[in-house]
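The file model_25.cif contains mmCIF, C-alpha atoms:
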data_work
loop_
_atom_site.label_atom_id
_atom_site.label_comp_id
_atom_site.auth_asym_id
_atom_site.auth_seq_id
_atom_site.Cartn_x
_atom_site.Cartn_y
_atom_site.Cartn_z
CA MET V 151 136.95 194.95 -106.11
CA ASN V 152 136.07 194.92 -102.38
CA LYS V 153 138.29 191.85 -101.94
CA ILE V 154 141.36 194.00 -102.46
CA TYR V 155 140.80 195.97 -99.23
CA GLY V 156 141.24 192.89 -97.06
CA ILE V 157 144.37 191.66 -98.82
CA THR V 158 146.64 193.61 -96.46
CA LEU V 159 145.22 191.92 -93.37
CA VAL V 160 145.10 188.49 -95.01
CA THR V 161 148.77 188.94 -95.94
CA ALA V 162 149.62 190.05 -92.38
CA LEU V 163 147.78 187.03 -91.00
CA GLY V 164 149.71 184.67 -93.29
CA ILE V 165 153.04 186.19 -92.23
CA ALA V 166 152.00 186.04 -88.55
CA LYS V 167 151.17 182.34 -88.83
CA VAL V 168 154.55 181.51 -90.37
CA LEU V 169 156.49 183.57 -87.83
CA GLU V 170 154.56 182.07 -84.92
CA GLU V 171 155.27 178.58 -86.24
CA ALA V 172 158.96 179.46 -86.55
CA CYS V 173 159.55 181.06 -83.15
CA GLY V 174 156.89 179.32 -81.06
CA THR V 175 155.70 182.59 -79.55
CA PRO V 176 152.27 184.19 -80.11
CA VAL V 177 152.34 186.72 -82.95
CA LYS V 178 149.95 189.66 -83.29
CA VAL V 179 148.88 191.81 -86.24
CA LYS V 180 148.88 195.58 -85.78
CA TRP V 181 146.30 196.93 -88.23
CA PRO V 182 146.85 197.24 -91.08
CA ASN V 183 150.36 196.06 -91.93
CA ASP V 184 152.69 195.31 -89.02
CA ILE V 185 153.44 192.07 -87.19
CA PHE V 186 154.43 192.03 -83.51
CA VAL V 187 155.96 189.49 -81.13
CA ASN V 188 155.96 190.30 -77.40
CA SER V 189 154.79 193.86 -78.16
CA LYS V 190 157.73 194.50 -80.50
CA LYS V 191 157.66 194.81 -84.29
CA VAL V 192 159.19 191.83 -86.07
CA SER V 193 157.79 192.41 -89.56
CA GLY V 194 156.04 194.96 -91.72
CA MET V 195 154.75 195.21 -95.24
CA LEU V 196 153.67 197.65 -97.87
CA ILE V 197 151.15 197.00 -100.59
CA GLU V 198 150.72 199.16 -103.67
CA VAL V 199 147.71 198.58 -105.88
CA LYS V 200 146.74 200.00 -109.25
CA ALA V 201 143.11 199.28 -109.97
CA GLN V 202 140.21 200.18 -112.19
CA PRO V 203 136.63 200.27 -110.87
CA ASP V 204 136.08 196.70 -112.09
CA LYS V 205 139.55 195.09 -111.98
CA VAL V 206 142.98 195.15 -110.38
CA ASP V 207 145.79 196.01 -112.80
CA PHE V 208 148.57 195.00 -110.40
CA LEU V 209 149.47 194.57 -106.79
CA ILE V 210 153.03 194.98 -105.46
CA LEU V 211 153.80 193.50 -102.07
CA GLY V 212 156.91 194.35 -100.07
CA ILE V 213 157.64 192.39 -96.89
CA GLY V 214 160.36 192.96 -94.33
CA VAL V 215 161.09 190.43 -91.59
CA ASN V 216 163.74 190.74 -88.89
CA VAL V 217 165.03 187.17 -89.01
CA ASN V 218 168.54 187.00 -87.53
CA THR V 219 169.12 190.71 -86.90
CA PRO V 220 171.13 191.28 -83.70
CA ALA V 221 169.41 193.32 -80.95
CA ASN V 222 172.02 196.12 -81.19
CA LYS V 223 171.02 196.69 -84.84
CA LEU V 224 167.31 197.11 -84.07
CA PRO V 225 165.32 200.05 -82.69
CA ASP V 226 164.04 199.66 -79.11
CA ASN V 227 160.53 198.80 -80.30
CA ALA V 228 161.65 196.00 -82.64
CA THR V 229 162.72 192.38 -82.30
CA ALA V 230 163.87 189.49 -84.49
CA LEU V 231 162.95 185.82 -84.75
CA LYS V 232 166.41 184.86 -83.48
CA ILE V 233 165.95 187.00 -80.37
CA GLU V 234 162.51 185.55 -79.63
CA ALA V 235 163.39 181.90 -80.30
CA GLY V 236 167.02 181.93 -79.20
CA LYS V 237 168.23 180.30 -82.40
CA GLU V 238 169.22 181.22 -85.96
CA PHE V 239 166.85 180.70 -88.87
CA SER V 240 167.33 180.05 -92.56
CA LYS V 241 166.08 183.19 -94.28
CA ILE V 242 165.30 181.12 -97.38
CA SER V 243 163.15 178.70 -95.36
CA ILE V 244 161.24 181.58 -93.76
CA PHE V 245 160.75 183.22 -97.17
CA ARG V 246 159.58 179.96 -98.73
CA ARG V 247 157.06 179.34 -95.94
CA ILE V 248 155.72 182.91 -96.25
CA VAL V 249 155.28 182.58 -100.02
CA GLU V 250 153.51 179.20 -99.60
CA GLU V 251 151.20 180.59 -96.93
CA LEU V 252 150.42 183.72 -98.92
CA GLU V 253 149.62 181.69 -102.03
CA ARG V 254 147.26 179.47 -100.03
CA SER V 255 145.65 182.49 -98.34
CA TYR V 256 145.24 184.40 -101.61
CA ASP V 257 143.53 181.42 -103.27
CA LYS V 258 141.21 181.02 -100.29
CA MET V 259 140.40 184.73 -100.27
CA MET V 260 139.55 184.75 -103.97
CA ARG V 261 137.23 181.75 -103.44
CA SER V 262 135.67 182.61 -100.07
CA GLY V 263 136.29 186.31 -99.53
CA PHE V 264 137.76 188.19 -96.60
CA ASP V 265 135.16 186.95 -94.15
CA ALA V 266 136.83 183.50 -94.15
CA PHE V 267 139.79 185.15 -92.32
CA ARG V 268 138.00 187.76 -90.24
CA GLY V 269 137.64 185.78 -87.00
CA GLU V 270 141.26 184.69 -86.93
CA ILE V 271 142.46 188.22 -87.70
CA LYS V 272 140.34 189.62 -84.86
CA LYS V 273 141.89 187.09 -82.45
CA ARG V 274 145.39 188.18 -83.47
CA LEU V 275 144.66 191.91 -83.66
CA PHE V 276 147.10 193.87 -81.50
CA GLY V 277 145.14 196.34 -79.36
CA MET V 278 141.66 194.84 -79.92
CA GLY V 279 139.33 196.35 -77.34
CA GLY V 280 142.04 198.76 -76.25
CA ASN V 281 142.84 202.40 -76.84
CA VAL V 282 145.02 203.56 -79.70
CA SER V 283 145.93 206.87 -81.27
CA VAL V 284 145.10 207.42 -84.92
CA LEU V 285 145.17 210.35 -87.33
CA ILE V 286 141.60 211.23 -88.33
CA SER V 287 141.02 214.24 -90.59
CA GLY V 288 144.57 215.41 -89.88
CA LYS V 289 144.13 215.29 -86.08
CA LYS V 290 145.55 212.71 -83.69
CA LYS V 291 142.68 211.14 -81.77
CA SER V 292 142.40 208.52 -79.08
CA VAL V 293 139.99 205.77 -80.11
CA MET V 294 139.07 202.24 -79.02
CA ILE V 295 139.39 199.34 -81.47
CA MET V 296 135.97 197.70 -81.67
CA ASP V 297 135.97 195.40 -84.71
CA ILE V 298 137.10 194.64 -88.25
CA ASP V 299 134.34 194.81 -90.84
CA ASP V 300 133.63 192.45 -93.72
CA ILE V 301 136.28 193.98 -96.02
CA GLY V 302 139.01 194.60 -93.42
CA ALA V 303 138.25 198.17 -92.39
CA LEU V 304 138.94 198.94 -88.74
CA ILE V 305 135.92 199.96 -86.67
CA VAL V 306 136.86 202.32 -83.85
CA LYS V 307 134.91 204.22 -81.23
CA GLU V 308 135.83 207.85 -80.72
CA GLU V 309 135.79 209.47 -77.28
CA ASP V 310 132.31 210.90 -77.97
CA GLY V 311 130.98 207.37 -78.63
CA GLN V 312 130.78 207.77 -82.40
CA LEU V 313 131.82 204.73 -84.41
CA ARG V 314 134.16 205.33 -87.34
CA ARG V 315 135.27 203.03 -90.14
CA LEU V 316 138.93 203.34 -91.16
CA LEU V 317 140.23 201.99 -94.48
CA SER V 318 143.78 203.20 -93.93
CA GLY V 319 145.85 204.82 -91.27
CA ASP V 320 148.63 204.35 -88.78
CA LEU V 321 147.86 203.31 -85.24
CA GLU V 322 149.89 203.92 -82.12
CA ILE V 323 149.06 201.61 -79.24
CA GLU V 324 148.58 203.65 -76.05
#
Please express the file's structure as structure tokens.
Amino acid sequence: MNKIYGITLVTALGIAKVLEEACGTPVKVKWPNDIFVNSKKVSGMLIEVKAQPDKVDFLILGIGVNVNTPANKLPDNATALKIEAGKEFSKISIFRRIVEELERSYDKMMRSGFDAFRGEIKKRLFGMGGNVSVLISGKKKSVMIMDIDDIGALIVKEEDGQLRRLLSGDLEIE
């Protein structure tokens, strides 16, 4: 069951690899489910899981990618592959590559676990070692991203030096 926690980051990593290959620009993962190019969001995803203590009943994955979206149709903090690469892309080709990469990544995760991806995710993690804002117990706090643990939880250091493990949340890069 612990494997399911890391699936969001493994999925984000797979998408990041495909988008980087397509546009030729470094792509970062913003924990837990956003993908950034040049500090702007190019993709995001949502995962819904229904699980029992000993098995997963289903997992629904929704992915959005700004492929050929014109700049005037995007918020200020977003971008598109076309903007970053200066050329149009086949949405079907991008979709096909994402599905292929996610299938390969899922198989590898089921065989080897999340730890097989952990190092690469940490290298791509947007804000690693930097300060971010996060909601903790209903309060917005400034924390420093320290690590990703063996199931994909974010390890942050609070201002008082206390380490905290986050399994979900929304980060704002400061």
Ground truth for the PyMOL selection byres ((chain V and resi 297) around 9), written as a VMD selection string: chain V and resid 272 278 to 279 295 to 296 298 to 299 303 to 306
Give me, as a ChimeraX atom specification, all polymer residues having an atom no more than 6 Å from segment 187-202 of chain V, counting all atoms listed in the file and skipping those fewer than 3 positions away in the same chain. /V:177,183-184,205-216,227-230
Going by the chain IDs and residue numbers used in this file, which residues fall under the PyMOL selection byres ((chain V and resi 310) around 12)? Write them as a list in words.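 On the file shown, the PyMOL selection byres ((chain V and resi 310) around 12) covers Lys291, Ser292, Val293, Met294, Val306, Lys307, Glu308, Glu309, Gly311, Gln312, Leu313 and Arg314 of chain V.
Among V:Gly236, V:Val168, V:Val160, V:Trp181, the residue with the shortest atom-to-atom distance to Leu317 of chain V, counting all atoms listed in the file, is V:Trp181.
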Can you pull out the residues contacting Cys173 of chain V? Cut-off 9 Å, using only C-alpha atoms, and skip same-chain residues under 4 positions away; I want them as a list in words.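 The contact residues come out as Val168, Leu169, Leu231, Lys232, Glu234, Ala235, Gly236 and Lys237 of chain V.
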V:Ser283, V:Gly164, V:Pro203, V:Tyr155: which is nearest Phe245 of chain V, counting only C-alpha atoms? V:Gly164
Could you check which of V:Ala162, V:Ile244, V:Leu321, V:Met259 is closest to Gly277 of chain V, using all atoms listed in the file? V:Leu321
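Nearest residue to Arg268 of chain V, choosing from V:Gly156, V:Gly319, V:Pro225, V:Pro220 and counting all atoms listed in the file: V:Gly156.
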Report, as lines of an AutoDock Vina configuration file, the axis-aligned box around all atoms of segment 299-307 of chain V present in the file, extended by 8 Å on each side; give centre and edge lengths in Å to one decimal place.
center_x = 136.3
center_y = 198.3
center_z = -88.6
size_x = 21.4
size_y = 27.8
size_z = 30.8
Calculate how many Å separate atom CA of Ile301 of chain V from atom CA of Asp257 of chain V, rounding to one decimal.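 Atom CA of Asp257 of chain V lies at a distance of 16.2 Å from atom CA of Ile301 of chain V.
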